[in-house]
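Novice: Sharing a structure, written as C-alpha cells. Questions coming.
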Amino acid sequence: MLNAFRLTSRYVCMIVKNDWLAVQDTTKEQLFIKCREECFKKRRCTDIVDYNKAGEVFPGVGVSACYFLYDKEANYDCHYIQIKGGYIVSDFIADFSITGEVIKDGTLADIVRRVRLKARVFGDRLPIQNTPFGLDTNGVKDIMAPVSSEKTERTPIKLVWGGGIAEYISEDSIAAKGTAILPYWKVCCGEKLNAWDSVPENIVTSHLILAPNEACTGSYAVLNVFEAQEEAINFYKYMKTRFARELVRAGLPSYKRPGKFYLRFLPLQDFTSNSDIDWSQSISDIDEQLFKKYKLTADEVAYIKRTIKPMA
C-alpha cells in the first residue's frame with residue numbers, strides 16, 4: 001500500500017485485509033499508522049467497502065477484507081460502507097482525520113469526534129492490569145500459602161474471585177506488582193470486554209471496588225487505583241454509565257481483555273468533589289450530565305440508549 005501511494009500518479013484501488021482501518025495492538029501497527037496517516041489524516045481515501053465477516057470475500061481463508069479508493073489529489077470526507085453476511089450494515093460519509101482511524105458506525109463516529117474535540121485525557125492513561133495480583137481464575141485452588149474463610153493474622157488479605165466469592169490469604173501469595181497497589185482503592189471489572197455481538201450490550205461487566213488490603217483473581221481486571229475512597233466510588237459509577245461504556249465500545253473490535261489500548265476513546269473525568277459532574281446523583285442522572293457536557297445531539301443520545309444497556 002505504501003509503495004503504491006508513493007508510485008502512483010493519482011489513483012490506487014486495492015483489495016486488502018481490513019485490519020489496517022483501525023488501531024491494532026499488533027507488531028504491524030507502525031506500518032498501519034503510516035497507511036492511515038496517508039489515507040485519513042491527509043483525507044486521500046475517498047471510498048472504503050469493508051467486509052467485516054471473516055471469509056466473506058475469500059471463503060476458507062478466514063480473513064476479513066476490504067477494498068478502497070485512494071486519490072492523491074483528494075481532500076475529501078470518506079464514504080464508508082460495511083457489508084456483513086451479504087447485507088449493508090453501515091453506509092455513511094465521515095471525516096476520519098480527527099480520529100485517525102475508521103469508526104465503523106456513522107453515529108458512533110460522530111460521538112467520538114465530538115468527545116475528542118472537547119476532551120484531552122483518555123482511557124489509554126489508565127493503569128489497567130489483568131491478573132494484577134498474580135492469581136488466575138482458579139482462585140485459592142492454586143495457592144500454596146495459608147488460606148482461610150475468615151480474616152486472621154496469617155491471612156489478612158481478602159481475595160475475591162469468580163462470582164464474588166471471597167476468602168482470605170497471606171500477602172506472600174500475591175505477586176510483587178499486586179503488592180504495590182494493595183494499600184489503595186481499586187476499581188475492577190470482569191476479565192473480558194464484549195462488543196459488536198448484539199444490541200443492546202453491556203460492554204463492561206462485573207464492576208467491583210476493592211478496598212485497601214483486598215485483592216482479586218484473574219476473574220477481574222483492575223481499571224484504576226485511587227488513594228481516596230470517594231474518587232474510587234465516582235469512577236466506579238462513571239464506568240457504569242451508558243456514555244462511558246459506549247466510548248469503550250468505540251475502541252473495541254470484538255471480545256477482548258481490558259487494556260489501555262481499547263479504552264483510547266474514553267474521556268477521563270475529575271472524580272473529586274470539585275468535578276463539573278455531580279457524582280452524588282444516580283447513574284442515569286450522571287449520564288444526562290455527560291450528554292450535556294459533550295453536547296451530544298438528541299439522535300446521538302438515542303443511539304447510546306439503543307445500543308447500551310442501563311445499569312443501576
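Every chain in the C-alpha cells has a letter given in the order shown (A, B, ...), and although residue numbers restart at 1 in each chain, ligands are simply numbered from 1 in the order shown.
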Could the residues of segment 37-61 of chain A that have an atom at most 10 Å from segment 98-103 of chain A be listed as a tab-separated table, each with its closest atom pair and the distance in Å to one decimal, counting only C-alpha atoms and ordered by chain and ascending residue number?
Specialist:
```
residue	atom	partner	partner_atom	distance
A:Glu37	CA	A:Gly100	CA	6.9
A:Glu38	CA	A:Gly100	CA	9.8
A:Cys39	CA	A:Gly100	CA	8.9
A:Phe40	CA	A:Gly100	CA	5.8
A:Lys41	CA	A:Gly100	CA	5.9
A:Lys42	CA	A:Gly100	CA	9.6
A:Arg43	CA	A:Gly100	CA	9.8
A:Ile48	CA	A:Val102	CA	9.8
```
Novice: If you run DSSP over the backbone, which residues in segment 75-178 of chain A end up strand (DSSP E or B)? Put them as a ChimeraX atom specification.
Specialist: /A:78-84,87-94,122,129-130,147-148,157-161,165-169
Novice: For Asp105 of chain A, please output as an MDAnalysis selection string all residues within 9 Å (counting only C-alpha atoms; exclusion window: fewer than 5 positions along the same chain).
Specialist: chainID A and resid 82 89:92 110 250
Novice: For the selection you just gave me, I'd like the residues written to a file as a PDB file, in the first residue's frame, keeping all heavy atoms.
Specialist:
```
ATOM      1  N   GLN A  82     -19.993  -0.786   5.160  1.00  0.00           N
ATOM      2  CA  GLN A  82     -19.658  -2.075   5.783  1.00  0.00           C
ATOM      3  C   GLN A  82     -20.707  -3.100   5.374  1.00  0.00           C
ATOM      4  O   GLN A  82     -21.913  -2.837   5.472  1.00  0.00           O
ATOM      5  CB  GLN A  82     -19.612  -1.965   7.304  1.00  0.00           C
ATOM      6  CG  GLN A  82     -19.211  -3.278   7.975  1.00  0.00           C
ATOM      7  CD  GLN A  82     -19.265  -3.211   9.490  1.00  0.00           C
ATOM      8  OE1 GLN A  82     -19.300  -4.239  10.158  1.00  0.00           O
ATOM      9  NE2 GLN A  82     -19.288  -2.015  10.053  1.00  0.00           N
ATOM     10  N   VAL A  89     -24.592  -2.990   6.474  1.00  0.00           N
ATOM     11  CA  VAL A  89     -24.946  -2.676   7.863  1.00  0.00           C
ATOM     12  C   VAL A  89     -24.525  -1.264   8.252  1.00  0.00           C
ATOM     13  O   VAL A  89     -24.989  -0.728   9.259  1.00  0.00           O
ATOM     14  CB  VAL A  89     -24.333  -3.709   8.839  1.00  0.00           C
ATOM     15  CG1 VAL A  89     -24.932  -5.080   8.613  1.00  0.00           C
ATOM     16  CG2 VAL A  89     -22.819  -3.775   8.709  1.00  0.00           C
ATOM     17  N   SER A  90     -23.615  -0.651   7.493  1.00  0.00           N
ATOM     18  CA  SER A  90     -23.227   0.747   7.701  1.00  0.00           C
ATOM     19  C   SER A  90     -22.975   1.376   6.348  1.00  0.00           C
ATOM     20  O   SER A  90     -22.354   0.761   5.474  1.00  0.00           O
ATOM     21  CB  SER A  90     -21.953   0.865   8.552  1.00  0.00           C
ATOM     22  OG  SER A  90     -22.183   0.540   9.889  1.00  0.00           O
ATOM     23  N   ASP A  91     -23.436   2.611   6.180  1.00  0.00           N
ATOM     24  CA  ASP A  91     -23.218   3.347   4.932  1.00  0.00           C
ATOM     25  C   ASP A  91     -23.274   4.829   5.278  1.00  0.00           C
ATOM     26  O   ASP A  91     -24.353   5.380   5.516  1.00  0.00           O
ATOM     27  CB  ASP A  91     -24.289   2.973   3.908  1.00  0.00           C
ATOM     28  CG  ASP A  91     -24.054   3.624   2.540  1.00  0.00           C
ATOM     29  OD1 ASP A  91     -23.225   4.554   2.461  1.00  0.00           O
ATOM     30  OD2 ASP A  91     -24.703   3.202   1.567  1.00  0.00           O
ATOM     31  N   PHE A  92     -22.130   5.482   5.355  1.00  0.00           N
ATOM     32  CA  PHE A  92     -22.101   6.889   5.747  1.00  0.00           C
ATOM     33  C   PHE A  92     -20.843   7.568   5.212  1.00  0.00           C
ATOM     34  O   PHE A  92     -19.896   6.907   4.783  1.00  0.00           O
ATOM     35  CB  PHE A  92     -22.165   7.031   7.274  1.00  0.00           C
ATOM     36  CG  PHE A  92     -21.013   6.403   8.024  1.00  0.00           C
ATOM     37  CD1 PHE A  92     -19.904   7.153   8.402  1.00  0.00           C
ATOM     38  CD2 PHE A  92     -21.040   5.058   8.374  1.00  0.00           C
ATOM     39  CE1 PHE A  92     -18.857   6.586   9.094  1.00  0.00           C
ATOM     40  CE2 PHE A  92     -19.990   4.475   9.070  1.00  0.00           C
ATOM     41  CZ  PHE A  92     -18.892   5.241   9.431  1.00  0.00           C
ATOM     42  N   ASP A 110     -19.542  10.052  14.895  1.00  0.00           N
ATOM     43  CA  ASP A 110     -19.858  11.435  15.248  1.00  0.00           C
ATOM     44  C   ASP A 110     -19.677  11.677  16.744  1.00  0.00           C
ATOM     45  O   ASP A 110     -19.165  12.725  17.160  1.00  0.00           O
ATOM     46  CB  ASP A 110     -21.300  11.764  14.847  1.00  0.00           C
ATOM     47  CG  ASP A 110     -21.483  11.869  13.337  1.00  0.00           C
ATOM     48  OD1 ASP A 110     -20.468  12.091  12.636  1.00  0.00           O
ATOM     49  OD2 ASP A 110     -22.624  11.734  12.866  1.00  0.00           O
ATOM     50  N   ALA A 250     -16.523   1.923  21.277  1.00  0.00           N
ATOM     51  CA  ALA A 250     -15.935   2.518  20.070  1.00  0.00           C
ATOM     52  C   ALA A 250     -14.522   2.016  19.809  1.00  0.00           C
ATOM     53  O   ALA A 250     -14.082   1.944  18.665  1.00  0.00           O
ATOM     54  CB  ALA A 250     -15.930   4.039  20.197  1.00  0.00           C
TER      55      ALA A 250
END
```
Novice: Among segment 58-258 of chain A, which ones does DSSP place in helix (DSSP H, G or I), written as a PyMOL selection string?
Specialist: chain A and resi 106-118+123-125+139-142+162-164+171-173+176-181+229-238+242-250
Novice: So which residues touch Pro127 of chain A within 10 Å, counting only C-alpha atoms, skipping near sequence neighbours fewer than 2 positions away, as a ChimeraX atom specification?
Specialist: /A:123-125,129,222-225,259-260
Novice: So which one's closest to Gly190 of chain A, A:Thr137, A:Ala4, A:Tyr238, A:Glu214? Using only C-alpha atoms, please.
Specialist: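 That would be A:Thr137, the residue with the smallest distance to Gly190 of chain A.
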Novice: At a cut-off of 8 Å, using only C-alpha atoms, what residues contact Pro156 of chain A? Leave out same-chain residues fewer than 4 positions from it and give the result as a ChimeraX atom specification.
Specialist: /A:151-152,168-171,213
Novice: So that I have them on file, write out the residues from the current selection with C-alpha atoms, as a PDB file, in the first residue's frame.
Specialist:
```
ATOM      1  CA  LYS A 151      -9.615 -12.900  58.265  1.00  0.00           C
ATOM      2  CA  THR A 152      -6.789 -13.929  60.599  1.00  0.00           C
ATOM      3  CA  TYR A 168      -8.586 -14.744  52.935  1.00  0.00           C
ATOM      4  CA  ILE A 169      -4.939 -15.292  52.083  1.00  0.00           C
ATOM      5  CA  SER A 170      -1.490 -14.212  53.198  1.00  0.00           C
ATOM      6  CA  GLU A 171       0.348 -11.392  51.443  1.00  0.00           C
ATOM      7  CA  ASN A 213      -5.818  -4.954  51.624  1.00  0.00           C
TER       8      ASN A 213
END
```
Novice: As a PyMOL selection string, please: the residues near segment 24-32 of chain A (cut-off 12 Å, only C-alpha atoms, same-chain neighbours under 2 positions excluded).
Specialist: chain A and resi 1-3+17-22+34-40+100-102+251-254+256-257+259-262+264
Novice: Store the residues picked out above in a file with C-alpha atoms, as an mmCIF file, in the first residue's frame.
Specialist:
```
data_model
loop_
_atom_site.group_PDB
_atom_site.id
_atom_site.type_symbol
_atom_site.label_atom_id
_atom_site.label_comp_id
_atom_site.auth_asym_id
_atom_site.auth_seq_id
_atom_site.Cartn_x
_atom_site.Cartn_y
_atom_site.Cartn_z
ATOM 1 C CA MET A 1 0.000 0.000 0.000
ATOM 2 C CA LEU A 2 2.716 2.496 0.961
ATOM 3 C CA ASN A 3 4.692 1.752 -2.199
ATOM 4 C CA LYS A 17 -7.182 -7.313 4.757
ATOM 5 C CA ASN A 18 -9.207 -4.801 6.758
ATOM 6 C CA ASP A 19 -7.044 -4.775 9.891
ATOM 7 C CA TRP A 20 -5.290 -1.539 8.842
ATOM 8 C CA LEU A 21 -8.505 0.530 9.120
ATOM 9 C CA ALA A 22 -8.425 0.884 12.914
ATOM 10 C CA LYS A 34 1.640 5.220 8.060
ATOM 11 C CA CYS A 35 -1.164 3.856 5.874
ATOM 12 C CA ARG A 36 -3.833 5.591 7.964
ATOM 13 C CA GLU A 37 -1.910 8.854 8.030
ATOM 14 C CA GLU A 38 -1.751 8.854 4.246
ATOM 15 C CA CYS A 39 -5.406 7.876 3.809
ATOM 16 C CA PHE A 40 -7.211 9.536 6.726
ATOM 17 C CA GLY A 100 -7.102 8.885 12.502
ATOM 18 C CA GLU A 101 -8.929 5.578 12.090
ATOM 19 C CA VAL A 102 -12.273 4.191 10.966
ATOM 20 C CA GLY A 251 -12.419 1.205 20.699
ATOM 21 C CA LEU A 252 -13.280 -2.495 20.794
ATOM 22 C CA PRO A 253 -13.017 -4.668 17.690
ATOM 23 C CA SER A 254 -14.648 -7.626 19.451
ATOM 24 C CA LYS A 256 -11.151 -8.602 24.360
ATOM 25 C CA ARG A 257 -9.388 -8.463 27.719
ATOM 26 C CA GLY A 259 -6.417 -2.824 28.155
ATOM 27 C CA LYS A 260 -5.394 0.836 27.794
ATOM 28 C CA PHE A 261 -5.437 0.356 24.051
ATOM 29 C CA TYR A 262 -9.158 -0.495 23.954
ATOM 30 C CA ARG A 264 -8.459 5.056 23.967
#
```
Novice: Which one is closest to Val204 of chain A: A:Lys237, A:Arg113, A:Arg249, A:Arg44? Count only C-alpha atoms.
Specialist: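 Of all the options, A:Arg249 lies closest to Val204 of chain A.
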Novice: Show me, as a list in words, the residues that have an atom within 6 Å of Val49 of chain A when counting only C-alpha atoms, minus same-chain residues fewer than 6 positions from it.
Specialist: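 With the cut-off at 6 Å, the set is Cys66, Tyr67, Ile81 and Gln82 of chain A.
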Novice: For N, CA and C atoms, I'd like the residues from the last selection saved as a JSON list (two decimals), in the first residue's frame.
Specialist:
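The resulting file, result25.json, is reproduced below:
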```json
[["chain", "number", "residue", "atom", "x", "y", "z"],
["A", 66, "CYS", "N", -11.28, -5.76, 2.72],
["A", 66, "CYS", "CA", -11.92, -4.53, 2.28],
["A", 66, "CYS", "C", -11.29, -4.11, 0.96],
["A", 67, "TYR", "N", -11.96, -3.23, 0.23],
["A", 67, "TYR", "CA", -11.30, -2.58, -0.90],
["A", 67, "TYR", "C", -11.52, -1.08, -0.76],
["A", 81, "ILE", "N", -18.63, 2.01, 3.62],
["A", 81, "ILE", "CA", -19.71, 1.03, 3.58],
["A", 81, "ILE", "C", -19.21, -0.25, 4.25],
["A", 82, "GLN", "N", -19.99, -0.79, 5.16],
["A", 82, "GLN", "CA", -19.66, -2.07, 5.78],
["A", 82, "GLN", "C", -20.71, -3.10, 5.37]]
```
Novice: Give the answer as one residue: which of A:Asn130, A:Ser148, A:Ser284, A:Thr217 has the shortest atom-to-atom distance to Gly162 of chain A, using only C-alpha atoms?
Specialist: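 Of A:Asn130, A:Ser148, A:Ser284, A:Thr217, the one nearest Gly162 of chain A is A:Thr217, counting only C-alpha atoms.
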